[in-house]
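Engineer: Let me give you the structure first, and then I'll get to my questions.
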Amino acid sequence: MCGQVPRKTRFMPSRPARPAVYALLEIKENALLAREWLAGQTIGGFQENRQLVYAVTRCLEIVSEASRRLPHELRDRHPHLPWRAIMDVGNVYRHQYDNVSEELVWRTVRDRLPELLEAVNREIEALSGVPPADA
């Protein structure tokens with residue numbers, strides 16, 4: 001091994017270099033998954049199902065992180081959405097996981113994601129020219 005020159009590693013382009021549509025699609029996919037997994041669940045059943053809590057919380061982490069990759073101009077078109085809170089909550093899920101309230105996760109998915117999905121679907125349609133299949 002001595003004297004060998006390390007091989008150069010090829011890297012994928014960084015995610016920020018990817019178009020906004022990828023971040024929008026990640027938000028949509030994970031928001032829809034979270035809503036699907038909570039469909040038919042009671043708050044009590046959700047709180048008792050640790051695996052479901054983890055899965056839904058992970059979806060919200062991804063929504064948060066993907067929202068950080070959206071250009072300012074896109075976020076500015078939807079000033080009614082709490083972008084700073086959406087972007088920052090992922091840090092809570094990752095670093096303060098012991099303080100995450102299952103009820104807050106539940107309410108976020110049930111009460112806040114539909115509005116975000118509506119805006120995301122409008123942006124996907126505007127960027128791709130293809131109407132959204134679902135909301």
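Residue numbering restarts at 1 for every chain of the structure tokens, chains are lettered A, B, ... in their displayed order, and ligands are numbered from 1 as they appear.
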For Thr108 in chain A, work out the shell of residues within 12 Å, counting only C-alpha atoms and skipping chain neighbours fewer than 6 positions away, then give it as a list in words.
Structural biologist: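 Result of the neighbour search: Ala31, Ala34, Arg35, Leu38, Val56, Thr57, Cys59, Leu60, Glu61, Val63, Ser64, Ala85, Ile86, Val89, Val100, Ser101, Glu102, Pro114, Glu115 and Leu116 of chain A.
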Engineer: Let's have the selection written as a compact mmCIF listing (two decimals), in the first residue's frame, with C-alpha atoms.
Structural biologist:
```txt
# COMPACT_ATOMS: atom_id res chain seq x y z
CA ALA A 31 -46.29 14.75 2.72
CA ALA A 34 -47.39 10.96 6.09
CA ARG A 35 -51.04 11.66 5.31
CA LEU A 38 -52.23 8.64 9.39
CA VAL A 56 -44.28 10.04 10.00
CA THR A 57 -41.71 12.16 11.83
CA CYS A 59 -41.41 12.22 6.48
CA LEU A 60 -41.70 15.63 8.14
CA GLU A 61 -37.90 15.81 8.46
CA VAL A 63 -40.29 17.87 4.01
CA SER A 64 -38.37 20.31 6.18
CA ALA A 85 -40.97 27.23 10.71
CA ILE A 86 -41.15 24.52 8.03
CA VAL A 89 -38.65 22.15 12.49
CA VAL A 100 -41.00 16.03 19.92
CA SER A 101 -44.67 15.84 20.75
CA GLU A 102 -46.59 13.11 18.95
CA PRO A 114 -52.84 20.05 3.03
CA GLU A 115 -52.08 23.76 2.58
CA LEU A 116 -48.41 23.05 1.84
```
Engineer: Write out as an mmCIF file with C-alpha atoms, in the first residue's frame which residues come within 12 Å of range 72-76 of chain A when counting only C-alpha atoms, dropping same-chain ones fewer than 2 positions away.
Structural biologist:
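The new file out.cif reads:
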```cif
data_model
loop_
_atom_site.group_PDB
_atom_site.id
_atom_site.type_symbol
_atom_site.label_atom_id
_atom_site.label_comp_id
_atom_site.auth_asym_id
_atom_site.auth_seq_id
_atom_site.Cartn_x
_atom_site.Cartn_y
_atom_site.Cartn_z
ATOM 1 C CA PRO A 19 -33.668 21.979 -9.930
ATOM 2 C CA ALA A 20 -36.378 23.088 -7.527
ATOM 3 C CA VAL A 21 -38.753 20.536 -8.996
ATOM 4 C CA ALA A 23 -37.290 19.402 -3.861
ATOM 5 C CA LEU A 24 -40.972 19.962 -4.622
ATOM 6 C CA SER A 67 -38.104 23.070 1.756
ATOM 7 C CA ARG A 68 -34.650 24.526 2.451
ATOM 8 C CA ARG A 69 -33.704 23.694 -1.151
ATOM 9 C CA LEU A 70 -36.484 25.775 -2.648
ATOM 10 C CA HIS A 78 -46.564 31.625 -1.027
ATOM 11 C CA PRO A 79 -46.149 34.096 1.850
ATOM 12 C CA HIS A 80 -49.096 32.544 3.704
ATOM 13 C CA LEU A 81 -46.969 29.467 4.446
ATOM 14 C CA PRO A 82 -44.665 29.581 7.498
ATOM 15 C CA TRP A 83 -41.501 28.762 5.548
ATOM 16 C CA ARG A 84 -39.088 29.585 8.364
ATOM 17 C CA ILE A 86 -41.151 24.517 8.034
ATOM 18 C CA MET A 87 -37.409 24.744 7.441
ATOM 19 C CA LEU A 116 -48.412 23.050 1.838
ATOM 20 C CA ALA A 119 -48.857 25.204 -2.973
ATOM 21 C CA VAL A 120 -46.388 22.455 -3.924
ATOM 22 C CA ARG A 122 -49.288 24.488 -8.037
ATOM 23 C CA GLU A 123 -45.533 24.957 -8.310
ATOM 24 C CA ILE A 124 -44.968 21.502 -9.801
ATOM 25 C CA ALA A 126 -46.128 25.595 -13.204
ATOM 26 C CA LEU A 127 -42.629 24.131 -13.569
#
```
Engineer: Between A:Leu32, A:Ile62, A:Ile27, A:Ile43, which is the closest to Asn91 in chain A once you count only C-alpha atoms?
Structural biologist: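 Among the listed residues, the smallest separation from Asn91 in chain A belongs to A:Ile62.
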Engineer: For Val53 in chain A, which residue among A:Glu125, A:Val92, A:Leu117, A:Trp106 is the nearest when counting only C-alpha atoms?
Structural biologist: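 Smallest distance to Val53 in chain A is found for A:Trp106.
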